[in-house]
>>> print(open('upload-v6.pdb').read())   # PDB, C-alpha atoms and all ligand atoms
ATOM      1  CA  MET A   1       0.000   0.000   0.000
ATOM      2  CA  THR A   2       1.230   3.480  -0.741
ATOM      3  CA  GLU A   3       1.267   6.131   1.960
ATOM      4  CA  LYS A   4      -1.781   7.736   0.365
ATOM      5  CA  ASP A   5      -3.744   4.466   0.412
ATOM      6  CA  LYS A   6      -2.827   3.855   4.028
ATOM      7  CA  SER A   7      -3.947   7.290   5.128
ATOM      8  CA  ALA A   8      -7.214   6.843   3.202
ATOM      9  CA  VAL A   9      -7.892   3.660   5.207
ATOM     10  CA  ILE A  10      -7.225   5.448   8.486
ATOM     11  CA  LYS A  11      -9.387   8.414   7.511
ATOM     12  CA  ALA A  12     -12.254   6.122   6.568
ATOM     13  CA  LYS A  13     -11.935   4.271   9.886
ATOM     14  CA  LEU A  14     -11.978   7.556  11.738
ATOM     15  CA  GLN A  15     -15.115   8.618   9.886
ATOM     16  CA  ASP A  16     -16.842   5.469  11.092
ATOM     17  CA  ILE A  17     -16.060   5.991  14.760
ATOM     18  CA  LYS A  18     -19.335   6.926  16.352
ATOM     19  CA  ASP A  19     -18.186   7.369  19.911
ATOM     20  CA  LEU A  20     -15.296   9.687  19.251
ATOM     21  CA  PRO A  21     -14.717  11.540  22.513
ATOM     22  CA  SER A  22     -16.365  14.888  22.346
ATOM     23  CA  LEU A  23     -14.711  17.965  23.612
ATOM     24  CA  PRO A  24     -17.375  18.862  26.122
ATOM     25  CA  LEU A  25     -17.594  22.322  24.643
ATOM     26  CA  ALA A  26     -21.222  22.485  23.808
ATOM     27  CA  ALA A  27     -22.527  20.307  26.607
ATOM     28  CA  ASP A  28     -20.541  21.630  29.484
ATOM     29  CA  SER A  29     -21.430  25.028  30.836
ATOM     30  CA  ILE A  30     -18.063  25.513  32.513
ATOM     31  CA  THR A  31     -16.139  24.930  29.317
ATOM     32  CA  ARG A  32     -18.549  27.068  27.398
ATOM     33  CA  ALA A  33     -18.175  29.937  29.813
ATOM     34  CA  VAL A  34     -14.433  29.475  29.943
ATOM     35  CA  LEU A  35     -13.903  29.309  26.197
ATOM     36  CA  ASP A  36     -16.119  32.233  25.399
ATOM     37  CA  ASP A  37     -13.852  35.246  25.509
ATOM     38  CA  LYS A  38     -16.841  37.472  26.113
ATOM     39  CA  SER A  39     -17.497  35.791  29.451
ATOM     40  CA  THR A  40     -17.123  38.001  32.468
ATOM     41  CA  ALA A  41     -15.438  37.005  35.690
ATOM     42  CA  GLN A  42     -18.896  36.686  37.144
ATOM     43  CA  THR A  43     -20.169  34.238  34.494
ATOM     44  CA  ILE A  44     -17.093  32.075  34.858
ATOM     45  CA  ALA A  45     -17.259  32.036  38.636
ATOM     46  CA  THR A  46     -20.943  31.109  38.557
ATOM     47  CA  ALA A  47     -20.429  28.288  36.053
ATOM     48  CA  ILE A  48     -17.516  26.787  37.993
ATOM     49  CA  SER A  49     -19.213  27.111  41.364
ATOM     50  CA  LYS A  50     -22.112  25.001  40.103
ATOM     51  CA  ASP A  51     -19.804  22.001  39.878
ATOM     52  CA  PRO A  52     -18.364  21.433  43.372
ATOM     53  CA  SER A  53     -15.777  18.844  42.379
ATOM     54  CA  PHE A  54     -14.468  21.015  39.563
ATOM     55  CA  ALA A  55     -14.442  24.011  41.866
ATOM     56  CA  SER A  56     -12.463  22.153  44.491
ATOM     57  CA  ARG A  57      -9.830  21.200  41.928
ATOM     58  CA  ILE A  58      -9.391  24.847  41.008
ATOM     59  CA  LEU A  59      -9.210  25.862  44.653
ATOM     60  CA  ARG A  60      -6.534  23.248  45.311
ATOM     61  CA  VAL A  61      -4.307  24.947  42.746
ATOM     62  CA  VAL A  62      -5.130  28.428  43.977
ATOM     63  CA  ASN A  63      -4.233  27.393  47.514
ATOM     64  CA  SER A  64      -0.968  25.755  46.502
ATOM     65  CA  ALA A  65       2.278  27.142  47.833
ATOM     66  CA  TYR A  66       3.097  28.829  44.537
ATOM     67  CA  TYR A  67       0.471  31.519  44.917
ATOM     68  CA  GLY A  68       1.380  31.984  48.553
ATOM     69  CA  PHE A  69      -1.854  33.552  49.771
ATOM     70  CA  TYR A  70      -1.648  34.129  53.479
ATOM     71  CA  ARG A  71      -5.067  32.639  54.051
ATOM     72  CA  GLN A  72      -7.213  29.877  52.619
ATOM     73  CA  ILE A  73      -9.174  30.846  49.497
ATOM     74  CA  THR A  74     -12.527  29.164  49.806
ATOM     75  CA  SER A  75     -14.661  30.443  46.991
ATOM     76  CA  ILE A  76     -14.284  30.567  43.225
ATOM     77  CA  LYS A  77     -15.528  34.119  43.196
ATOM     78  CA  GLU A  78     -12.645  35.084  45.443
ATOM     79  CA  ALA A  79     -10.191  33.079  43.333
ATOM     80  CA  VAL A  80     -11.317  34.826  40.161
ATOM     81  CA  ALA A  81     -11.054  38.207  41.862
ATOM     82  CA  LEU A  82      -7.530  37.465  43.105
ATOM     83  CA  LEU A  83      -6.058  35.763  40.060
ATOM     84  CA  GLY A  84      -8.038  37.263  37.230
ATOM     85  CA  THR A  85     -10.347  35.744  34.663
ATOM     86  CA  ASN A  86      -7.601  34.694  32.320
ATOM     87  CA  GLU A  87      -5.662  32.696  34.863
ATOM     88  CA  ILE A  88      -8.784  30.856  35.982
ATOM     89  CA  ARG A  89      -9.794  30.242  32.361
ATOM     90  CA  MET A  90      -6.440  28.611  31.723
ATOM     91  CA  MET A  91      -6.727  26.382  34.773
ATOM     92  CA  ALA A  92     -10.252  25.359  33.886
ATOM     93  CA  MET A  93      -9.302  24.489  30.335
ATOM     94  CA  ALA A  94      -6.358  22.373  31.445
ATOM     95  CA  ILE A  95      -8.591  20.483  33.889
ATOM     96  CA  THR A  96     -11.196  19.869  31.178
ATOM     97  CA  VAL A  97      -8.554  18.466  28.869
ATOM     98  CA  TYR A  98      -7.231  16.311  31.713
ATOM     99  CA  ASP A  99     -10.610  14.621  31.896
ATOM    100  CA  LEU A 100     -10.578  14.150  28.148
ATOM    101  CA  PHE A 101      -7.114  12.556  28.289
ATOM    102  CA  LYS A 102      -7.823  10.323  31.272
ATOM    103  CA  ALA A 103      -7.747   6.682  30.296
ATOM    104  CA  LYS A 104     -10.462   4.301  31.362
ATOM    105  CA  GLU A 105      -8.306   1.251  30.876
ATOM    106  CA  ALA A 106      -4.653   0.387  30.478
ATOM    107  CA  THR A 107      -3.219   2.147  27.480
ATOM    108  CA  ARG A 108      -0.063   2.231  25.430
ATOM    109  CA  PHE A 109       0.776   5.852  26.076
ATOM    110  CA  ASN A 110       1.304   7.438  29.442
ATOM    111  CA  ARG A 111      -1.746   9.699  29.548
ATOM    112  CA  LYS A 112      -0.625  11.774  32.506
ATOM    113  CA  ASN A 113       2.699  12.520  30.826
ATOM    114  CA  LEU A 114       0.885  13.410  27.639
ATOM    115  CA  TRP A 115      -1.346  15.798  29.540
ATOM    116  CA  MET A 116       1.546  17.413  31.416
ATOM    117  CA  HIS A 117       3.337  17.834  28.115
ATOM    118  CA  GLY A 118       0.210  19.442  26.639
ATOM    119  CA  VAL A 119      -0.075  21.889  29.533
ATOM    120  CA  ALA A 120       3.600  22.796  29.176
ATOM    121  CA  VAL A 121       3.193  23.387  25.443
ATOM    122  CA  ALA A 122       0.045  25.412  26.133
ATOM    123  CA  TYR A 123       1.806  27.700  28.622
ATOM    124  CA  MET A 124       4.669  28.249  26.222
ATOM    125  CA  ALA A 125       2.435  28.823  23.234
ATOM    126  CA  ASP A 126       0.377  31.335  25.173
ATOM    127  CA  TYR A 127       3.490  33.123  26.320
ATOM    128  CA  LEU A 128       4.926  33.234  22.796
ATOM    129  CA  GLN A 129       1.651  34.492  21.431
ATOM    130  CA  ARG A 130       1.379  37.262  23.996
ATOM    131  CA  THR A 131       5.002  38.276  23.496
ATOM    132  CA  LEU A 132       5.047  38.117  19.727
ATOM    133  CA  ARG A 133       1.413  38.996  19.056
ATOM    134  CA  LYS A 134       1.292  36.753  16.073
ATOM    135  CA  GLY A 135      -1.240  34.532  14.502
ATOM    136  CA  LEU A 136      -2.658  32.374  17.266
ATOM    137  CA  ASP A 137      -5.056  33.976  19.728
ATOM    138  CA  GLU A 138      -6.110  30.557  20.952
ATOM    139  CA  ALA A 139      -2.514  29.424  21.366
ATOM    140  CA  TYR A 140      -3.216  27.995  24.795
ATOM    141  CA  VAL A 141      -6.028  25.694  23.647
ATOM    142  CA  ALA A 142      -4.045  24.677  20.576
ATOM    143  CA  GLY A 143      -1.141  23.759  22.850
ATOM    144  CA  LEU A 144      -3.304  21.740  25.209
ATOM    145  CA  LEU A 145      -4.779  19.793  22.316
ATOM    146  CA  HIS A 146      -1.849  19.590  19.921
ATOM    147  CA  ASP A 147      -1.191  15.882  20.603
ATOM    148  CA  ILE A 148      -4.865  14.869  20.743
ATOM    149  CA  GLY A 149      -4.149  12.642  17.744
ATOM    150  CA  LYS A 150      -2.190  10.350  20.070
ATOM    151  CA  ILE A 151      -5.196   9.945  22.352
ATOM    152  CA  VAL A 152      -7.328   9.007  19.357
ATOM    153  CA  LEU A 153      -4.697   6.553  18.177
ATOM    154  CA  ASP A 154      -4.442   4.978  21.583
ATOM    155  CA  GLN A 155      -8.167   4.724  22.053
ATOM    156  CA  PHE A 156      -9.435   3.765  18.617
ATOM    157  CA  PHE A 157      -6.500   2.296  16.741
ATOM    158  CA  PRO A 158      -4.960  -0.178  19.206
ATOM    159  CA  GLU A 159      -3.511  -2.522  16.579
ATOM    160  CA  GLU A 160      -1.945   0.257  14.585
ATOM    161  CA  THR A 161      -0.563   1.849  17.753
ATOM    162  CA  HIS A 162       0.955  -1.459  18.786
ATOM    163  CA  GLU A 163       2.544  -1.768  15.353
ATOM    164  CA  ILE A 164       3.897   1.795  15.477
ATOM    165  CA  LEU A 165       5.457   1.300  18.897
ATOM    166  CA  GLN A 166       7.001  -1.989  17.871
ATOM    167  CA  LEU A 167       8.507  -0.427  14.783
ATOM    168  CA  PHE A 168       9.734   2.534  16.822
ATOM    169  CA  GLU A 169      11.424   0.270  19.364
ATOM    170  CA  SER A 170      12.893  -2.236  16.935
ATOM    171  CA  SER A 171      14.180   0.075  14.222
ATOM    172  CA  GLU A 172      16.146   3.232  13.750
ATOM    173  CA  MET A 173      12.963   5.104  12.945
ATOM    174  CA  SER A 174      11.790   8.008  15.047
ATOM    175  CA  TYR A 175       8.340   7.641  16.582
ATOM    176  CA  LEU A 176       6.972  10.038  13.982
ATOM    177  CA  GLN A 177       8.511   8.154  11.082
ATOM    178  CA  ALA A 178       7.012   4.950  12.444
ATOM    179  CA  GLU A 179       3.599   6.624  12.567
ATOM    180  CA  ARG A 180       3.888   7.750   8.981
ATOM    181  CA  GLU A 181       5.080   4.314   7.925
ATOM    182  CA  VAL A 182       2.170   2.484   9.554
ATOM    183  CA  LEU A 183      -0.638   5.016   9.119
ATOM    184  CA  GLY A 184       0.440   7.017   6.087
ATOM    185  CA  LEU A 185      -0.048  10.131   8.227
ATOM    186  CA  ASP A 186       1.053  11.442  11.607
ATOM    187  CA  HIS A 187      -0.811  12.220  14.840
ATOM    188  CA  GLY A 188      -0.855  15.894  13.897
ATOM    189  CA  GLU A 189      -2.996  15.162  10.867
ATOM    190  CA  LEU A 190      -5.112  12.705  12.804
ATOM    191  CA  GLY A 191      -5.649  15.287  15.548
ATOM    192  CA  TYR A 192      -6.549  17.828  12.916
ATOM    193  CA  LEU A 193      -9.332  15.612  11.578
ATOM    194  CA  VAL A 194     -10.761  15.269  15.072
ATOM    195  CA  ALA A 195     -10.471  18.993  15.772
ATOM    196  CA  GLU A 196     -12.352  19.644  12.530
ATOM    197  CA  ARG A 197     -15.149  17.410  13.743
ATOM    198  CA  TRP A 198     -15.279  19.457  16.916
ATOM    199  CA  ASN A 199     -15.607  22.602  14.815
ATOM    200  CA  LEU A 200     -12.654  24.267  16.477
ATOM    201  CA  PRO A 201     -11.471  27.527  14.912
ATOM    202  CA  ALA A 202      -9.106  27.221  11.956
ATOM    203  CA  GLU A 203      -6.079  28.653  13.768
ATOM    204  CA  ILE A 204      -6.304  25.875  16.351
ATOM    205  CA  THR A 205      -6.781  23.120  13.792
ATOM    206  CA  VAL A 206      -3.856  24.422  11.733
ATOM    207  CA  GLY A 207      -1.628  24.522  14.820
ATOM    208  CA  ILE A 208      -2.526  20.907  15.551
ATOM    209  CA  ARG A 209      -2.194  19.728  11.979
ATOM    210  CA  TYR A 210       1.218  21.081  11.156
ATOM    211  CA  HIS A 211       3.029  20.888  14.457
ATOM    212  CA  HIS A 212       5.257  18.171  12.994
ATOM    213  CA  ALA A 213       4.937  19.411   9.448
ATOM    214  CA  THR A 214       7.661  19.077   6.941
ATOM    215  CA  SER A 215       9.545  22.004   5.539
ATOM    216  CA  GLY A 216       7.554  24.836   4.000
ATOM    217  CA  GLU A 217       4.249  24.418   5.751
ATOM    218  CA  ILE A 218       5.515  25.692   9.083
ATOM    219  CA  VAL A 219       6.857  28.988   7.817
ATOM    220  CA  VAL A 220       3.594  30.023   6.222
ATOM    221  CA  GLU A 221       1.515  29.166   9.279
ATOM    222  CA  PRO A 222       2.404  31.128  12.427
ATOM    223  CA  ALA A 223       0.050  28.906  14.424
ATOM    224  CA  ALA A 224       2.050  25.845  13.412
ATOM    225  CA  ALA A 225       5.348  27.603  14.095
ATOM    226  CA  ILE A 226       4.227  28.577  17.605
ATOM    227  CA  ILE A 227       3.128  25.049  18.479
ATOM    228  CA  HIS A 228       6.181  23.491  16.885
ATOM    229  CA  LEU A 229       8.485  25.748  18.850
ATOM    230  CA  SER A 230       6.580  25.264  22.103
ATOM    231  CA  ASP A 231       6.638  21.506  21.607
ATOM    232  CA  TYR A 232      10.389  21.687  21.260
ATOM    233  CA  PHE A 233      10.789  23.911  24.365
ATOM    234  CA  ALA A 234       8.578  21.663  26.445
ATOM    235  CA  TRP A 235      10.643  18.655  25.495
ATOM    236  CA  GLN A 236      13.888  20.475  26.269
ATOM    237  CA  ILE A 237      12.670  21.457  29.684
ATOM    238  CA  GLY A 238      11.689  17.877  30.547
ATOM    239  CA  TYR A 239       8.010  17.627  29.647
ATOM    240  CA  VAL A 240       8.546  14.974  27.053
ATOM    241  CA  GLY A 241       5.068  13.561  26.577
ATOM    242  CA  SER A 242       4.653   9.933  25.667
ATOM    243  CA  PRO A 243       6.506   8.208  24.175
ATOM    244  CA  ASP A 244       9.663  10.177  24.828
ATOM    245  CA  ASP A 245      10.438  11.054  21.262
ATOM    246  CA  PRO A 246      12.296  14.302  20.720
ATOM    247  CA  PRO A 247      10.539  16.655  18.322
ATOM    248  CA  GLU A 248      12.596  17.108  15.190
ATOM    249  CA  SER A 249      14.763  20.170  15.443
ATOM    250  CA  SER A 250      15.330  20.360  11.715
ATOM    251  CA  HIS A 251      12.556  22.905  11.215
ATOM    252  CA  LEU A 252      13.411  24.925  14.262
ATOM    253  CA  SER A 253      15.194  27.669  12.374
ATOM    254  CA  GLU A 254      12.275  27.900   9.942
ATOM    255  CA  SER A 255       9.855  28.316  12.828
ATOM    256  CA  LEU A 256      12.027  30.974  14.409
ATOM    257  CA  GLN A 257      12.316  32.771  11.120
ATOM    258  CA  GLY A 258       8.586  32.525  10.528
ATOM    259  CA  LEU A 259       7.978  34.221  13.869
ATOM    260  CA  GLY A 260      10.707  36.794  13.365
ATOM    261  CA  LEU A 261      12.811  35.495  16.242
ATOM    262  CA  ASP A 262      16.586  35.329  16.386
ATOM    263  CA  GLU A 263      18.813  33.181  18.604
ATOM    264  CA  GLU A 264      19.422  35.989  21.055
ATOM    265  CA  ARG A 265      15.731  36.666  21.547
ATOM    266  CA  LEU A 266      15.173  32.956  21.883
ATOM    267  CA  GLU A 267      17.672  32.736  24.741
ATOM    268  CA  SER A 268      15.934  35.488  26.689
ATOM    269  CA  LEU A 269      12.533  33.884  26.051
ATOM    270  CA  MET A 270      13.812  30.590  27.375
ATOM    271  CA  GLY A 271      14.998  32.315  30.559
ATOM    272  CA  THR A 272      11.587  33.860  31.173
ATOM    273  CA  LEU A 273       9.847  30.604  30.423
ATOM    274  CA  ARG A 274      11.960  28.692  32.922
ATOM    275  CA  GLU A 275      10.797  31.172  35.542
ATOM    276  CA  GLY A 276       7.184  30.695  34.479
ATOM    277  CA  PHE A 277       7.569  26.987  34.949
ATOM    278  CA  LYS A 278       7.428  27.300  38.694
ATOM    279  CA  LYS A 279       3.781  28.131  38.266
ATOM    280  CA  LEU A 280       3.294  25.212  35.956
ATOM    281  CA  GLU A 281       4.891  22.872  38.492
ATOM    282  CA  ALA A 282       2.484  24.095  41.153
ATOM    283  CA  PHE A 283      -0.427  23.480  38.855
ATOM    284  CA  LEU A 284       0.659  19.995  37.855
ATOM    285  CA  ALA A 285       1.427  18.995  41.421
ATOM    286  CA  ALA A 286      -2.094  19.924  42.509
ATOM    287  CA  ASN A 287      -3.721  17.780  39.816
TER
HETATM  288 FE    FE A 301       3.099  15.847  18.484
HETATM  289 FE    FE A 302       3.905  17.305  21.493
END
>>> encode(input="upload-v6.pdb", output="structure tokens")
Amino acid sequence: MTEKDKSAVIKAKLQDIKDLPSLPLAADSITRAVLDDKSTAQTIATAISKDPSFASRILRVVNSAYYGFYRQITSIKEAVALLGTNEIRMMAMAITVYDLFKAKEATRFNRKNLWMHGVAVAYMADYLQRTLRKGLDEAYVAGLLHDIGKIVLDQFFPEETHEILQLFESSEMSYLQAEREVLGLDHGELGYLVAERWNLPAEITVGIRYHHATSGEIVVEPAAAIIHLSDYFAWQIGYVGSPDDPPESSHLSESLQGLGLDEERLESLMGTLREGFKKLEAFLAAN
């Protein structure tokens, strides 16, 4: 079978999956409130407070040592007032995606590592976006979801995943090459197809689709460049995902160029990001 034939088989299989996990966007009032950038602090606080277990997960993070409040924060309203809508939005989104990633049975990928990697990429992507003001307003969500294709693989394509991992372990191939060999496409493209079904905005789907793209595609898509770069940073800093397969660095200079970054600027960004990771650690430890 050619690569094109293989990917056609996978795409057809994906089409037939009826119980594809849904991003609880439409159904879930918290996610809806959180994702809607017109939501006020009040709307978000009300939506979260209606779900006590969700609220307590947020409060656990807010009360972690990182934030160092001198007293216990006991209500979401207070948390939103102290930390701001954006911070709470980001926490709520990460928690929602955690539930989406959580495995019901034993799986081939380490789901927690995948989630932590996603949160790391999300923080970086958001930071890059805010610093560079380029191309990806929803950088954080795109980062959280960029490897969603792996979850779909793990959940719905067990035989193929087994084959990919075997090939990866027994050959010189990178994990990504093994994916392309077995599936005729990579988890970026697979994730893209799922994100399309969820009707996510184009900038998010593009970021997901091309985060491992080959030369050319990355430069023209700032969303892809941001996710690609963040993926690389996250790996460098120790949030490797699952399996531990280093992102290719061959397109790194293209991504940097595409975003108008030079090496010097990159170094200073890395320094700031390392600082920001203390917050990330606090968040991950509380979840
Ligand atoms: Fe990836
Ligand atoms: Fe990744």
>>> residues_near_ligand(input="upload-v6.pdb", ligand="ligand FE 301 (chain A)", cutoff="7 Å", atoms="only C-alpha atoms and all ligand atoms", output="number ranges by chain")
A: 146-147, 187-188, 211-212
>>> axis_aligned_box(input="upload-v6.pdb", around="segment 38-55 of chain A", padding_each_side="8 Å", output="JSON")
{"center_x": -18.3, "center_y": 28.4, "center_z": 34.7, "size_x": 23.7, "size_y": 35.2, "size_z": 33.3}
>>> closest_atom_pairs(input="upload-v6.pdb", of="segment 223-287 of chain A", to="segment 103-113 of chain A", cutoff="8 Å", atoms="all atoms listed in the file", output="Markdown table")
| residue | atom | partner | partner_atom | distance |
| --- | --- | --- | --- | --- |
| A:Tyr239 | CA | A:Asn113 | CA | 7.5 |
| A:Val240 | CA | A:Asn113 | CA | 7.4 |
| A:Gly241 | CA | A:Asn113 | CA | 5.0 |
| A:Ser242 | CA | A:Asn110 | CA | 5.6 |
| A:Pro243 | CA | A:Phe109 | CA | 6.5 |
>>> residues_near_ligand(input="upload-v6.pdb", ligand="ligand FE 302 (chain A)", cutoff="12 Å", atoms="only C-alpha atoms and all ligand atoms", output="PyMOL selection string")
chain A and resi 113-122+124-125+142-151+175-176+186-188+191+207-212+224+226-236+238-248
>>> write_last_selection(input="upload-v6.pdb", atoms="C-alpha atoms", output="short mmCIF file (atom, residue, chain, number, x, y, z; two decimals), in the frame of the given file")
data_model
loop_
_atom_site.label_atom_id
_atom_site.label_comp_id
_atom_site.auth_asym_id
_atom_site.auth_seq_id
_atom_site.Cartn_x
_atom_site.Cartn_y
_atom_site.Cartn_z
CA ASN A 113 2.70 12.52 30.83
CA LEU A 114 0.88 13.41 27.64
CA TRP A 115 -1.35 15.80 29.54
CA MET A 116 1.55 17.41 31.42
CA HIS A 117 3.34 17.83 28.12
CA GLY A 118 0.21 19.44 26.64
CA VAL A 119 -0.08 21.89 29.53
CA ALA A 120 3.60 22.80 29.18
CA VAL A 121 3.19 23.39 25.44
CA ALA A 122 0.04 25.41 26.13
CA MET A 124 4.67 28.25 26.22
CA ALA A 125 2.44 28.82 23.23
CA ALA A 142 -4.04 24.68 20.58
CA GLY A 143 -1.14 23.76 22.85
CA LEU A 144 -3.30 21.74 25.21
CA LEU A 145 -4.78 19.79 22.32
CA HIS A 146 -1.85 19.59 19.92
CA ASP A 147 -1.19 15.88 20.60
CA ILE A 148 -4.86 14.87 20.74
CA GLY A 149 -4.15 12.64 17.74
CA LYS A 150 -2.19 10.35 20.07
CA ILE A 151 -5.20 9.94 22.35
CA TYR A 175 8.34 7.64 16.58
CA LEU A 176 6.97 10.04 13.98
CA ASP A 186 1.05 11.44 11.61
CA HIS A 187 -0.81 12.22 14.84
CA GLY A 188 -0.86 15.89 13.90
CA GLY A 191 -5.65 15.29 15.55
CA GLY A 207 -1.63 24.52 14.82
CA ILE A 208 -2.53 20.91 15.55
CA ARG A 209 -2.19 19.73 11.98
CA TYR A 210 1.22 21.08 11.16
CA HIS A 211 3.03 20.89 14.46
CA HIS A 212 5.26 18.17 12.99
CA ALA A 224 2.05 25.84 13.41
CA ILE A 226 4.23 28.58 17.60
CA ILE A 227 3.13 25.05 18.48
CA HIS A 228 6.18 23.49 16.89
CA LEU A 229 8.48 25.75 18.85
CA SER A 230 6.58 25.26 22.10
CA ASP A 231 6.64 21.51 21.61
CA TYR A 232 10.39 21.69 21.26
CA PHE A 233 10.79 23.91 24.36
CA ALA A 234 8.58 21.66 26.44
CA TRP A 235 10.64 18.66 25.50
CA GLN A 236 13.89 20.48 26.27
CA GLY A 238 11.69 17.88 30.55
CA TYR A 239 8.01 17.63 29.65
CA VAL A 240 8.55 14.97 27.05
CA GLY A 241 5.07 13.56 26.58
CA SER A 242 4.65 9.93 25.67
CA PRO A 243 6.51 8.21 24.18
CA ASP A 244 9.66 10.18 24.83
CA ASP A 245 10.44 11.05 21.26
CA PRO A 246 12.30 14.30 20.72
CA PRO A 247 10.54 16.66 18.32
CA GLU A 248 12.60 17.11 15.19
#
>>> residues_near_point(input="upload-v6.pdb", point="(2.8, 31.7, 21.2)", cutoff="8 Å", atoms="all atoms listed in the file", output="PyMOL selection string")
chain A and resi 124-134+136+139-140+223+226-227+230
>>> residues_around(input="upload-v6.pdb", residues="Val62 of chain A", least_positions_apart="5", cutoff="10 Å", atoms="all atoms listed in the file", output="PyMOL selection string")
chain A and resi 56-57+67-69+72-74+76+79-80+82-83+88+91+282-283+286
>>> write_last_selection(input="upload-v6.pdb", atoms="C-alpha atoms", output="JSON list (two decimals), in the frame of the given file")
[["chain", "number", "residue", "atom", "x", "y", "z"],
["A", 56, "SER", "CA", -12.46, 22.15, 44.49],
["A", 57, "ARG", "CA", -9.83, 21.20, 41.93],
["A", 67, "TYR", "CA", 0.47, 31.52, 44.92],
["A", 68, "GLY", "CA", 1.38, 31.98, 48.55],
["A", 69, "PHE", "CA", -1.85, 33.55, 49.77],
["A", 72, "GLN", "CA", -7.21, 29.88, 52.62],
["A", 73, "ILE", "CA", -9.17, 30.85, 49.50],
["A", 74, "THR", "CA", -12.53, 29.16, 49.81],
["A", 76, "ILE", "CA", -14.28, 30.57, 43.22],
["A", 79, "ALA", "CA", -10.19, 33.08, 43.33],
["A", 80, "VAL", "CA", -11.32, 34.83, 40.16],
["A", 82, "LEU", "CA", -7.53, 37.47, 43.10],
["A", 83, "LEU", "CA", -6.06, 35.76, 40.06],
["A", 88, "ILE", "CA", -8.78, 30.86, 35.98],
["A", 91, "MET", "CA", -6.73, 26.38, 34.77],
["A", 282, "ALA", "CA", 2.48, 24.10, 41.15],
["A", 283, "PHE", "CA", -0.43, 23.48, 38.85],
["A", 286, "ALA", "CA", -2.09, 19.92, 42.51]]
>>> closest_residue(input="upload-v6.pdb", among="A:Ser171, A:Val141, A:Pro222, A:Asp36", to="Tyr123 of chain A", atoms="all atoms listed in the file")
A:Val141
>>> closest_residue(input="upload-v6.pdb", among="A:Gly84, A:Pro21, A:Gly260, A:Pro158", to="Ile44 of chain A", atoms="all atoms listed in the file")
A:Gly84
>>> resolve_selection(input="upload-v6.pdb", expression="the PyMOL selection byres (((chain A and resi 200) around 12) and not hetatm)", output="PyMOL selection string")
chain A and resi 22-23+25-26+35+138+141-142+145+191-199+201-208
>>> residues_near_point(input="upload-v6.pdb", point="(-19.6, 31.8, 35.5)", cutoff="10 Å", atoms="all atoms listed in the file", output="PyMOL selection string")
chain A and resi 29-34+39-50+76-77+80
>>> write_last_selection(input="upload-v6.pdb", atoms="C-alpha atoms", output="PDB file, in the coordinates of the input")
ATOM      1  CA  SER A  29     -21.430  25.028  30.836  1.00  0.00           C
ATOM      2  CA  ILE A  30     -18.063  25.513  32.513  1.00  0.00           C
ATOM      3  CA  THR A  31     -16.139  24.930  29.317  1.00  0.00           C
ATOM      4  CA  ARG A  32     -18.549  27.068  27.398  1.00  0.00           C
ATOM      5  CA  ALA A  33     -18.175  29.937  29.813  1.00  0.00           C
ATOM      6  CA  VAL A  34     -14.433  29.475  29.943  1.00  0.00           C
ATOM      7  CA  SER A  39     -17.497  35.791  29.451  1.00  0.00           C
ATOM      8  CA  THR A  40     -17.123  38.001  32.468  1.00  0.00           C
ATOM      9  CA  ALA A  41     -15.438  37.005  35.690  1.00  0.00           C
ATOM     10  CA  GLN A  42     -18.896  36.686  37.144  1.00  0.00           C
ATOM     11  CA  THR A  43     -20.169  34.238  34.494  1.00  0.00           C
ATOM     12  CA  ILE A  44     -17.093  32.075  34.858  1.00  0.00           C
ATOM     13  CA  ALA A  45     -17.259  32.036  38.636  1.00  0.00           C
ATOM     14  CA  THR A  46     -20.943  31.109  38.557  1.00  0.00           C
ATOM     15  CA  ALA A  47     -20.429  28.288  36.053  1.00  0.00           C
ATOM     16  CA  ILE A  48     -17.516  26.787  37.993  1.00  0.00           C
ATOM     17  CA  SER A  49     -19.213  27.111  41.364  1.00  0.00           C
ATOM     18  CA  LYS A  50     -22.112  25.001  40.103  1.00  0.00           C
ATOM     19  CA  ILE A  76     -14.284  30.567  43.225  1.00  0.00           C
ATOM     20  CA  LYS A  77     -15.528  34.119  43.196  1.00  0.00           C
ATOM     21  CA  VAL A  80     -11.317  34.826  40.161  1.00  0.00           C
TER      22      VAL A  80
END
>>> closest_residue(input="upload-v6.pdb", among="A:Glu254, A:Ser174, A:Lys6, A:Lys13", to="Leu153 of chain A", atoms="all atoms listed in the file")
A:Lys13
>>> closest_residue(input="upload-v6.pdb", among="A:Leu252, A:Met173, A:Ala65, A:Leu259", to="Lys279 of chain A", atoms="all atoms listed in the file")
A:Ala65
>>> atom_distance(input="upload-v6.pdb", atom1="atom CA of Ala213 of chain A", atom2="atom CA of Ser170 of chain A")
24.2 Å
>>> atom_distance(input="upload-v6.pdb", atom1="atom CA of Asp262 of chain A", atom2="atom CA of Arg274 of chain A")
18.4 Å
>>> closest_residue(input="upload-v6.pdb", among="A:Ser64, A:Ser53, A:Ser7, A:Thr85", to="Glu281 of chain A", atoms="only C-alpha atoms")
A:Ser64
>>> closest_residue(input="upload-v6.pdb", among="A:Phe54, A:Ile95, A:Ala81, A:Ile237", to="Leu273 of chain A", atoms="all atoms listed in the file")
A:Ile237
>>> atom_distance(input="upload-v6.pdb", atom1="atom CA of Tyr70 of chain A", atom2="atom CA of Asn86 of chain A")
22.0 Å
>>> resolve_selection(input="upload-v6.pdb", expression="the PyMOL selection byres (((chain A and resi 10) around 9) and not hetatm)", output="PyMOL selection string")
chain A and resi 5-9+11-15+157+183-185+190
